[in-house]
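Student: As input, take coords_12.cif (mmCIF, C-alpha atoms):
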```cif
data_target
loop_
_atom_site.group_PDB
_atom_site.id
_atom_site.type_symbol
_atom_site.label_atom_id
_atom_site.label_comp_id
_atom_site.auth_asym_id
_atom_site.auth_seq_id
_atom_site.Cartn_x
_atom_site.Cartn_y
_atom_site.Cartn_z
ATOM 1 C CA MET A 1 -3.628 -24.139 -13.081
ATOM 2 C CA ALA A 2 -0.210 -24.366 -14.739
ATOM 3 C CA ASN A 3 2.702 -22.324 -13.504
ATOM 4 C CA LEU A 4 3.766 -19.387 -15.621
ATOM 5 C CA LEU A 5 7.353 -20.686 -15.696
ATOM 6 C CA GLU A 6 8.719 -23.989 -14.452
ATOM 7 C CA LEU A 7 12.223 -25.457 -14.547
ATOM 8 C CA GLN A 8 12.499 -29.202 -14.037
ATOM 9 C CA GLY A 9 15.951 -30.612 -13.279
ATOM 10 C CA VAL A 10 17.761 -28.211 -15.602
ATOM 11 C CA SER A 11 21.511 -28.796 -16.021
ATOM 12 C CA GLN A 12 24.025 -27.065 -18.261
ATOM 13 C CA ILE A 13 27.345 -28.845 -18.704
ATOM 14 C CA PHE A 14 30.316 -27.429 -20.593
ATOM 15 C CA GLY A 15 33.456 -29.227 -21.711
ATOM 16 C CA VAL A 16 34.290 -32.690 -23.058
ATOM 17 C CA SER A 17 37.025 -34.367 -21.045
ATOM 18 C CA HIS A 18 36.795 -31.996 -18.064
ATOM 19 C CA LEU A 19 33.139 -31.299 -17.369
ATOM 20 C CA THR A 20 31.963 -28.062 -15.795
ATOM 21 C CA TYR A 21 28.463 -27.977 -14.308
ATOM 22 C CA ALA A 22 27.412 -24.347 -14.827
ATOM 23 C CA VAL A 23 23.893 -25.338 -13.732
ATOM 24 C CA ASP A 24 23.313 -28.540 -11.796
ATOM 25 C CA ASN A 25 19.808 -30.029 -11.544
ATOM 26 C CA VAL A 26 17.944 -26.770 -10.871
ATOM 27 C CA SER A 27 14.168 -26.844 -10.359
ATOM 28 C CA PHE A 28 11.824 -24.008 -9.431
ATOM 29 C CA ALA A 29 8.522 -22.490 -10.507
ATOM 30 C CA LEU A 30 6.982 -19.063 -10.894
ATOM 31 C CA SER A 31 3.214 -18.996 -10.412
ATOM 32 C CA GLU A 32 0.652 -17.436 -12.754
ATOM 33 C CA GLN A 33 0.050 -14.641 -10.250
ATOM 34 C CA PRO A 34 2.152 -11.524 -11.013
ATOM 35 C CA ALA A 35 5.251 -11.770 -8.823
ATOM 36 C CA ILE A 36 8.935 -10.982 -8.502
ATOM 37 C CA LEU A 37 11.312 -13.892 -8.002
ATOM 38 C CA ASN A 38 14.908 -13.020 -7.125
ATOM 39 C CA LEU A 39 17.646 -15.346 -8.360
ATOM 40 C CA VAL A 40 20.771 -14.555 -6.347
ATOM 41 C CA GLY A 41 24.310 -15.887 -6.390
ATOM 42 C CA GLU A 42 27.947 -14.945 -6.696
ATOM 43 C CA SER A 43 29.724 -14.653 -10.031
ATOM 44 C CA GLY A 44 29.968 -18.081 -11.666
ATOM 45 C CA SER A 45 27.010 -19.532 -9.802
ATOM 46 C CA GLY A 46 25.011 -20.152 -12.992
ATOM 47 C CA LYS A 47 22.569 -17.229 -12.871
ATOM 48 C CA SER A 48 23.191 -15.853 -16.353
ATOM 49 C CA THR A 49 23.346 -19.350 -17.822
ATOM 50 C CA LEU A 50 19.845 -19.973 -16.510
ATOM 51 C CA ALA A 51 18.688 -16.665 -18.009
ATOM 52 C CA ARG A 52 20.009 -17.675 -21.427
ATOM 53 C CA VAL A 53 18.328 -21.074 -21.167
ATOM 54 C CA ILE A 54 14.960 -19.558 -20.237
ATOM 55 C CA LEU A 55 15.212 -17.068 -23.111
ATOM 56 C CA ARG A 56 16.034 -19.930 -25.522
ATOM 57 C CA LEU A 57 19.477 -18.523 -26.272
ATOM 58 C CA GLN A 58 20.969 -21.921 -25.469
ATOM 59 C CA ARG A 59 19.554 -25.395 -25.003
ATOM 60 C CA PRO A 60 20.190 -27.070 -21.627
ATOM 61 C CA THR A 61 22.160 -30.301 -21.451
ATOM 62 C CA ASP A 62 19.383 -31.892 -19.417
ATOM 63 C CA GLY A 63 16.007 -31.037 -17.919
ATOM 64 C CA ARG A 64 12.993 -29.111 -19.147
ATOM 65 C CA VAL A 65 11.846 -25.500 -19.186
ATOM 66 C CA LYS A 66 8.080 -25.065 -19.375
ATOM 67 C CA TYR A 67 6.036 -21.930 -19.964
ATOM 68 C CA GLN A 68 2.330 -22.149 -19.155
ATOM 69 C CA GLY A 69 2.680 -25.927 -19.384
ATOM 70 C CA GLY A 70 4.355 -25.943 -22.793
ATOM 71 C CA ASP A 71 7.938 -27.024 -23.443
ATOM 72 C CA VAL A 72 10.021 -23.956 -24.295
ATOM 73 C CA PHE A 73 12.212 -26.030 -26.614
ATOM 74 C CA GLY A 74 9.237 -27.722 -28.257
ATOM 75 C CA GLY A 75 6.130 -26.171 -29.748
ATOM 76 C CA ASP A 76 5.457 -24.943 -33.258
ATOM 77 C CA ALA A 77 6.326 -21.597 -34.846
ATOM 78 C CA THR A 78 3.086 -19.964 -33.666
ATOM 79 C CA TRP A 79 3.710 -20.999 -30.050
ATOM 80 C CA LEU A 80 7.310 -19.827 -30.247
ATOM 81 C CA ARG A 81 6.292 -16.417 -31.603
ATOM 82 C CA GLN A 82 3.875 -16.023 -28.696
ATOM 83 C CA TYR A 83 6.578 -17.081 -26.228
ATOM 84 C CA ARG A 84 9.032 -14.542 -27.559
ATOM 85 C CA ARG A 85 6.403 -11.861 -27.218
ATOM 86 C CA GLU A 86 5.412 -12.833 -23.680
ATOM 87 C CA VAL A 87 8.915 -13.482 -22.270
ATOM 88 C CA GLN A 88 11.349 -10.602 -22.661
ATOM 89 C CA GLY A 89 14.899 -10.033 -21.437
ATOM 90 C CA VAL A 90 16.654 -6.992 -19.992
ATOM 91 C CA PHE A 91 20.406 -7.369 -19.741
ATOM 92 C CA GLN A 92 23.314 -6.054 -17.720
ATOM 93 C CA ASN A 93 25.246 -3.870 -20.142
ATOM 94 C CA PRO A 94 23.279 -0.830 -21.344
ATOM 95 C CA TYR A 95 26.059 -0.090 -23.836
ATOM 96 C CA SER A 96 25.943 -3.309 -25.830
ATOM 97 C CA VAL A 97 22.260 -3.978 -26.492
ATOM 98 C CA TYR A 98 21.813 -1.283 -29.139
ATOM 99 C CA ASN A 99 23.002 -1.112 -32.716
ATOM 100 C CA PRO A 100 25.026 2.139 -32.730
ATOM 101 C CA PHE A 101 24.161 2.876 -36.365
ATOM 102 C CA TYR A 102 20.440 3.346 -35.743
ATOM 103 C CA ARG A 103 18.434 5.863 -33.775
ATOM 104 C CA VAL A 104 16.697 4.863 -30.553
ATOM 105 C CA GLU A 105 13.179 4.705 -32.009
ATOM 106 C CA ARG A 106 14.194 1.680 -34.067
ATOM 107 C CA VAL A 107 14.111 -0.362 -30.838
ATOM 108 C CA PHE A 108 10.364 0.248 -30.606
ATOM 109 C CA LYS A 109 9.566 -0.074 -34.305
ATOM 110 C CA LEU A 110 11.326 -3.446 -34.511
ATOM 111 C CA ALA A 111 9.369 -4.685 -31.486
ATOM 112 C CA ILE A 112 6.070 -3.670 -33.077
ATOM 113 C CA ARG A 113 6.973 -5.291 -36.398
ATOM 114 C CA ASN A 114 8.820 -8.450 -35.344
ATOM 115 C CA LEU A 115 6.518 -9.380 -32.461
ATOM 116 C CA GLY A 116 3.332 -8.541 -34.320
ATOM 117 C CA LEU A 117 2.052 -6.141 -31.661
ATOM 118 C CA PRO A 118 -1.585 -5.134 -32.291
ATOM 119 C CA ILE A 119 -0.756 -1.436 -32.634
ATOM 120 C CA PRO A 120 -2.170 0.378 -35.701
ATOM 121 C CA ARG A 121 0.472 2.312 -37.621
ATOM 122 C CA HIS A 122 -1.219 5.661 -36.975
ATOM 123 C CA GLU A 123 -1.112 4.990 -33.200
ATOM 124 C CA ALA A 124 2.470 3.729 -33.014
ATOM 125 C CA GLN A 125 4.146 7.061 -32.307
ATOM 126 C CA ALA A 126 1.675 7.959 -29.560
ATOM 127 C CA ARG A 127 2.169 4.554 -27.911
ATOM 128 C CA ILE A 128 5.958 4.951 -28.041
ATOM 129 C CA HIS A 129 5.651 8.361 -26.368
ATOM 130 C CA GLU A 130 3.370 6.838 -23.719
ATOM 131 C CA ALA A 131 5.879 4.066 -23.022
ATOM 132 C CA LEU A 132 8.758 6.520 -22.601
ATOM 133 C CA ARG A 133 6.785 8.710 -20.201
ATOM 134 C CA ALA A 134 5.867 5.613 -18.171
ATOM 135 C CA VAL A 135 9.555 5.187 -17.298
ATOM 136 C CA ASP A 136 10.143 8.889 -16.614
ATOM 137 C CA LEU A 137 11.724 9.751 -19.948
ATOM 138 C CA ARG A 138 10.697 12.700 -22.109
ATOM 139 C CA PRO A 139 10.238 11.589 -25.726
ATOM 140 C CA GLU A 140 11.922 14.747 -27.003
ATOM 141 C CA ASP A 141 15.050 13.874 -24.993
ATOM 142 C CA VAL A 142 15.318 10.383 -26.475
ATOM 143 C CA LEU A 143 13.747 9.989 -29.901
ATOM 144 C CA GLY A 144 15.881 11.015 -32.834
ATOM 145 C CA LYS A 145 19.098 10.316 -30.956
ATOM 146 C CA HIS A 146 21.679 7.575 -31.324
ATOM 147 C CA PRO A 147 22.406 5.293 -28.344
ATOM 148 C CA HIS A 148 25.796 6.879 -27.611
ATOM 149 C CA GLN A 149 24.028 10.183 -27.003
ATOM 150 C CA LEU A 150 22.167 8.727 -23.998
ATOM 151 C CA SER A 151 23.506 7.936 -20.547
ATOM 152 C CA GLY A 152 23.637 4.338 -19.327
ATOM 153 C CA GLY A 153 20.640 4.905 -17.073
ATOM 154 C CA MET A 154 18.606 6.368 -19.930
ATOM 155 C CA ARG A 155 19.447 3.396 -22.114
ATOM 156 C CA GLN A 156 18.227 0.980 -19.458
ATOM 157 C CA ARG A 157 15.013 2.952 -19.075
ATOM 158 C CA VAL A 158 14.519 2.844 -22.850
ATOM 159 C CA MET A 159 14.675 -0.945 -22.505
ATOM 160 C CA MET A 160 11.981 -0.727 -19.834
ATOM 161 C CA ALA A 161 9.923 1.522 -22.116
ATOM 162 C CA ARG A 162 10.173 -1.239 -24.711
ATOM 163 C CA ILE A 163 8.838 -3.671 -22.073
ATOM 164 C CA HIS A 164 5.964 -1.259 -21.411
ATOM 165 C CA LEU A 165 5.154 -1.176 -25.121
ATOM 166 C CA ILE A 166 5.230 -4.969 -25.497
ATOM 167 C CA ARG A 167 3.460 -5.766 -22.178
ATOM 168 C CA PRO A 168 4.944 -9.282 -21.784
ATOM 169 C CA ARG A 169 3.892 -11.703 -19.059
ATOM 170 C CA LEU A 170 7.447 -12.239 -17.806
ATOM 171 C CA VAL A 171 10.666 -10.205 -17.751
ATOM 172 C CA ILE A 172 14.033 -11.936 -17.340
ATOM 173 C CA ALA A 173 16.181 -9.154 -15.845
ATOM 174 C CA ASP A 174 19.827 -10.253 -15.766
ATOM 175 C CA GLU A 175 21.865 -7.894 -13.530
ATOM 176 C CA PRO A 176 20.090 -4.892 -15.095
ATOM 177 C CA VAL A 177 21.227 -2.307 -12.507
ATOM 178 C CA SER A 178 24.806 -3.387 -11.869
ATOM 179 C CA MET A 179 26.250 -0.743 -14.222
ATOM 180 C CA VAL A 180 24.114 2.274 -13.235
ATOM 181 C CA ASP A 181 24.359 4.602 -10.254
ATOM 182 C CA ALA A 182 22.295 4.327 -7.087
ATOM 183 C CA GLY A 183 19.671 6.899 -8.055
ATOM 184 C CA ILE A 184 18.904 5.240 -11.383
ATOM 185 C CA ARG A 185 18.999 1.837 -9.683
ATOM 186 C CA ALA A 186 16.138 2.718 -7.346
ATOM 187 C CA SER A 187 14.148 4.221 -10.223
ATOM 188 C CA PHE A 188 14.608 1.061 -12.292
ATOM 189 C CA LEU A 189 13.507 -1.223 -9.441
ATOM 190 C CA ASN A 190 10.453 0.944 -8.827
ATOM 191 C CA ILE A 191 9.509 0.554 -12.483
ATOM 192 C CA LEU A 192 9.577 -3.247 -12.100
ATOM 193 C CA LEU A 193 7.363 -3.027 -9.025
ATOM 194 C CA ASP A 194 5.008 -0.661 -10.847
ATOM 195 C CA PHE A 195 4.813 -2.980 -13.854
ATOM 196 C CA ARG A 196 3.839 -5.852 -11.579
ATOM 197 C CA GLU A 197 1.078 -3.863 -9.889
ATOM 198 C CA ARG A 198 -0.313 -2.050 -12.937
ATOM 199 C CA TYR A 199 0.132 -4.501 -15.776
ATOM 200 C CA GLY A 200 0.546 -7.898 -14.110
ATOM 201 C CA ILE A 201 4.102 -8.352 -15.404
ATOM 202 C CA SER A 202 6.184 -10.862 -13.449
ATOM 203 C CA THR A 203 9.958 -10.584 -13.161
ATOM 204 C CA LEU A 204 12.745 -13.089 -12.651
ATOM 205 C CA PHE A 205 15.332 -10.701 -11.237
ATOM 206 C CA ILE A 206 18.907 -11.968 -11.400
ATOM 207 C CA THR A 207 21.479 -10.298 -9.175
ATOM 208 C CA HIS A 208 24.502 -10.818 -6.939
ATOM 209 C CA ASP A 209 23.358 -7.978 -4.657
ATOM 210 C CA LEU A 210 21.238 -9.045 -1.686
ATOM 211 C CA SER A 211 20.205 -5.463 -0.875
ATOM 212 C CA THR A 212 18.612 -5.146 -4.311
ATOM 213 C CA ALA A 213 16.691 -8.377 -3.776
ATOM 214 C CA GLN A 214 15.544 -7.118 -0.359
ATOM 215 C CA TYR A 215 14.253 -3.918 -1.964
ATOM 216 C CA LEU A 216 12.136 -5.886 -4.430
ATOM 217 C CA GLY A 217 10.857 -8.376 -1.857
ATOM 218 C CA GLY A 218 8.926 -11.392 -3.083
ATOM 219 C CA GLU A 219 10.603 -14.798 -3.150
ATOM 220 C CA ILE A 220 14.309 -15.563 -3.457
ATOM 221 C CA ILE A 221 16.369 -18.478 -4.764
ATOM 222 C CA VAL A 222 20.056 -18.659 -3.832
ATOM 223 C CA LEU A 223 22.422 -20.404 -6.252
ATOM 224 C CA TYR A 224 25.870 -21.687 -5.306
ATOM 225 C CA LYS A 225 28.096 -23.511 -7.788
ATOM 226 C CA GLY A 226 25.136 -24.131 -10.061
ATOM 227 C CA ARG A 227 22.841 -25.560 -7.385
ATOM 228 C CA VAL A 228 19.893 -24.179 -5.438
ATOM 229 C CA VAL A 229 21.005 -24.006 -1.803
ATOM 230 C CA GLU A 230 18.218 -21.910 -0.331
ATOM 231 C CA GLN A 231 14.744 -20.755 -1.291
ATOM 232 C CA GLY A 232 11.909 -18.866 0.387
ATOM 233 C CA PRO A 233 10.557 -15.397 1.193
ATOM 234 C CA THR A 234 13.259 -12.825 0.479
ATOM 235 C CA GLN A 235 13.152 -11.094 3.847
ATOM 236 C CA GLN A 236 13.304 -14.380 5.753
ATOM 237 C CA VAL A 237 16.146 -15.902 3.719
ATOM 238 C CA THR A 238 18.283 -12.748 3.779
ATOM 239 C CA SER A 239 17.796 -12.062 7.488
ATOM 240 C CA GLU A 240 18.119 -15.702 8.644
ATOM 241 C CA PRO A 241 20.242 -17.503 6.033
ATOM 242 C CA ARG A 242 20.896 -21.203 6.555
ATOM 243 C CA HIS A 243 23.647 -21.564 3.955
#
```
Please go through the file and, once you have read it, give me the structure as structure tokens.

Tutor:
Amino acid sequence: MANLLELQGVSQIFGVSHLTYAVDNVSFALSEQPAILNLVGESGSGKSTLARVILRLQRPTDGRVKYQGGDVFGGDATWLRQYRREVQGVFQNPYSVYNPFYRVERVFKLAIRNLGLPIPRHEAQARIHEALRAVDLRPEDVLGKHPHQLSGGMRQRVMMARIHLIRPRLVIADEPVSMVDAGIRASFLNILLDFRERYGISTLFITHDLSTAQYLGGEIIVLYKGRVVEQGPTQQVTSEPRH
């Protein structure tokens, strides 16, 4: 059985005369079984660069990224459409991911249209309401409003409601709780755990905060200066680090 996600010797080099290795020969895999894999490192360790590579926002200098055995930077248009539906990102800044000119419901309507979700038009509104309630938001508090009318925590939960609507196989969560308060942080992490248990959604959780990784459990990979320096069960690596 193929892994859900596999990185093989991925490197990302910036510069011409003075080369900077943002990511240096990184390899790891995420199995088909629903799981949470924590990717931890200090600022500048290459975490967000890896997230962008996996999401096809930039092509690596070297190495391969494979999803269910297929090359993420290969494949035809049909395969790519499926990949974009099954691999979704949630990012750090809840203030920059929305177009301020449109109301919040556009986030859901674009997902249904652009990703070709099999949701009949007459059911769309009910499914959007269901997704919002799944992340502890009341539809009447969110729909019809512009992004600036919501708190940062509410905006992040709207992004998770979008994940609920799409039901991807894998979420790439890049520092998603670093700009929200502690109460919202715990709620957000619980949603990820719930999504894994209920819907079989795996998460690559990127963070610089070891306590957050410990809360989620699962496996952990530690990056330092673009390289993997430690890997294993989260509780073991964080309680008995070797690096």

Student: Give me the residues within 12 Å of region 136-138 of chain A as a VMD selection string, counting all atoms listed in the file and dropping any in the same chain fewer than 3 places off.

Tutor: chain A and resid 128 to 133 141 to 143 150 to 151 153 to 161 164 184 187 to 188 190 to 191

Student: With only C-alpha atoms as the basis for distance, which of A:Phe195, A:Trp79, A:Tyr224, A:Phe108 is at the shortest distance from Ser43 (chain A)?

Tutor: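 With only C-alpha atoms as the atom set, the closest residue is A:Tyr224.
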
Student: Please provide the set of residues having any atom within 7 Å of region 52-60 of chain A, restricted to all atoms listed in the file, with same-chain residues fewer than 4 positions apart removed, written as a ChimeraX atom specification.

Tutor: /A:10-12,48,65

Student: So how many Å separate CA of Ile220 (chain A) and CA of Ile36 (chain A), to one decimal?

Tutor: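 If I compute the distance from CA of Ile220 (chain A) to CA of Ile36 (chain A), I get 8.7 Å.
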
Student: Given the point (18.4, -32.0, -16.2) in the coordinates of this file, which residues lie within 10 Å, counting only C-alpha atoms, and how would they look as a count of residues only?

Tutor: 18

Student: Could you check which of A:Gln82, A:Asn38, A:Thr203, A:Asn3 is closest to Leu117 (chain A), using all atoms listed in the file?

Tutor: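 The shortest atom-to-atom distance to Leu117 (chain A) comes from A:Gln82.
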
Student: Taking the file as shown, what set of residues would the PyMOL selection byres ((chain A and resi 225-241) around 6) give back, as a ChimeraX atom specification?

Tutor: /A:22-24,45-46,217-224,242-243

Student: What does the distance from CA of Met179 (chain A) to CA of Ile166 (chain A) come to in Å, to one decimal?

Tutor: 24.2 Å

Student: Smallest atom-to-atom distance to Glu42 (chain A): which of A:Glu86, A:Glu123, A:Asp194, A:Asp209, using all atoms listed in the file?

Tutor: A:Asp209

Student: The residues within 10 Å of (17.4, -0.7, -30.7), using only C-alpha atoms and the coordinates of the file, should be reported as a PyMOL selection string; which are they?

Tutor: chain A and resi 97-111+146-147+155+158-159+162

Student: Once the PyMOL selection byres ((chain A and resi 170-176) around 7) is applied to the coordinates I shared, what remains selected? I want it as a count of residues only.

Tutor: 20

Student: Please indicate the distance in Å from CA of Tyr67 (chain A) to CA of Leu4 (chain A), rounded to one decimal place.

Tutor: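 Atom-to-atom, CA of Tyr67 (chain A) and CA of Leu4 (chain A) are spaced 5.5 Å apart.
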
Student: Determine the nearest neighbour of Leu192 (chain A) from the options A:Gly74, A:Ala35, A:Tyr83, A:Leu30, counting all atoms listed in the file.

Tutor: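 Smallest distance to Leu192 (chain A) is found for A:Ala35.
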
Student: Kindly indicate which residue among A:Leu210, A:Leu115, A:Ala29, A:Leu165 lies nearest to Leu80 (chain A), using all atoms listed in the file for the distances.

Tutor: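 Using all atoms listed in the file, the shortest distance to Leu80 (chain A) belongs to A:Leu115.
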
Student: Could you give me region 135-146 of chain A completed to all heavy atoms, formatted as a compact mmCIF listing (two decimals), in the frame of the given file?

Tutor:
```
# COMPACT_ATOMS: atom_id res chain seq x y z
N VAL A 135 8.29 5.47 -17.99
CA VAL A 135 9.56 5.19 -17.30
C VAL A 135 10.33 6.48 -17.03
O VAL A 135 11.55 6.49 -16.90
CB VAL A 135 10.42 4.18 -18.09
CG1 VAL A 135 9.70 2.85 -18.21
CG2 VAL A 135 10.78 4.71 -19.47
N ASP A 136 9.58 7.58 -16.98
CA ASP A 136 10.14 8.89 -16.61
C ASP A 136 11.18 9.40 -17.61
O ASP A 136 12.20 9.99 -17.24
CB ASP A 136 10.76 8.86 -15.21
CG ASP A 136 9.74 8.54 -14.14
OD1 ASP A 136 8.60 9.02 -14.26
OD2 ASP A 136 10.07 7.81 -13.19
N LEU A 137 10.90 9.17 -18.89
CA LEU A 137 11.72 9.75 -19.95
C LEU A 137 10.85 10.67 -20.80
O LEU A 137 9.69 10.35 -21.08
CB LEU A 137 12.32 8.67 -20.84
CG LEU A 137 13.45 7.82 -20.26
CD1 LEU A 137 13.81 6.70 -21.23
CD2 LEU A 137 14.68 8.66 -19.96
N ARG A 138 11.41 11.80 -21.20
CA ARG A 138 10.70 12.70 -22.11
C ARG A 138 11.01 12.29 -23.54
O ARG A 138 12.19 12.21 -23.92
CB ARG A 138 11.11 14.15 -21.87
CG ARG A 138 10.74 14.66 -20.47
CD ARG A 138 10.92 16.16 -20.37
NE ARG A 138 12.28 16.58 -20.73
CZ ARG A 138 12.65 17.86 -20.83
NH1 ARG A 138 11.77 18.82 -20.61
NH2 ARG A 138 13.90 18.16 -21.15
N PRO A 139 9.98 12.03 -24.35
CA PRO A 139 10.24 11.59 -25.73
C PRO A 139 11.18 12.51 -26.50
O PRO A 139 12.03 12.04 -27.26
CB PRO A 139 8.83 11.58 -26.35
CG PRO A 139 7.93 11.34 -25.19
CD PRO A 139 8.55 12.05 -24.03
N GLU A 140 11.07 13.80 -26.28
CA GLU A 140 11.92 14.75 -27.00
C GLU A 140 13.39 14.65 -26.60
O GLU A 140 14.28 15.09 -27.33
CB GLU A 140 11.43 16.19 -26.81
CG GLU A 140 11.41 16.68 -25.38
CD GLU A 140 10.09 16.42 -24.65
OE1 GLU A 140 9.36 15.48 -25.08
OE2 GLU A 140 9.79 17.14 -23.70
N ASP A 141 13.66 14.06 -25.44
CA ASP A 141 15.05 13.87 -24.99
C ASP A 141 15.67 12.59 -25.53
O ASP A 141 16.89 12.39 -25.40
CB ASP A 141 15.12 13.84 -23.46
CG ASP A 141 14.79 15.18 -22.83
OD1 ASP A 141 14.87 16.20 -23.54
OD2 ASP A 141 14.45 15.20 -21.63
N VAL A 142 14.85 11.72 -26.10
CA VAL A 142 15.32 10.38 -26.48
C VAL A 142 15.19 10.11 -27.97
O VAL A 142 16.15 9.70 -28.63
CB VAL A 142 14.54 9.30 -25.68
CG1 VAL A 142 14.91 7.91 -26.16
CG2 VAL A 142 14.80 9.45 -24.19
N LEU A 143 14.01 10.33 -28.51
CA LEU A 143 13.75 9.99 -29.90
C LEU A 143 14.55 10.88 -30.83
O LEU A 143 14.74 12.07 -30.58
CB LEU A 143 12.25 10.11 -30.19
CG LEU A 143 11.35 9.19 -29.36
CD1 LEU A 143 9.89 9.42 -29.72
CD2 LEU A 143 11.72 7.73 -29.56
N GLY A 144 15.04 10.29 -31.89
CA GLY A 144 15.88 11.02 -32.83
C GLY A 144 17.36 10.98 -32.51
O GLY A 144 18.19 11.47 -33.27
N LYS A 145 17.69 10.38 -31.37
CA LYS A 145 19.10 10.32 -30.96
C LYS A 145 19.66 8.91 -31.17
O LYS A 145 18.92 7.93 -31.22
CB LYS A 145 19.23 10.72 -29.49
CG LYS A 145 18.91 12.19 -29.24
CD LYS A 145 19.20 12.58 -27.81
CE LYS A 145 18.94 14.07 -27.60
NZ LYS A 145 19.22 14.49 -26.22
N HIS A 146 20.99 8.85 -31.25
CA HIS A 146 21.68 7.58 -31.32
C HIS A 146 22.00 7.10 -29.89
O HIS A 146 22.08 7.92 -28.96
CB HIS A 146 22.96 7.70 -32.14
CG HIS A 146 22.72 7.84 -33.61
ND1 HIS A 146 22.52 9.07 -34.20
CD2 HIS A 146 22.64 6.91 -34.60
CE1 HIS A 146 22.33 8.90 -35.51
NE2 HIS A 146 22.39 7.60 -35.77
```
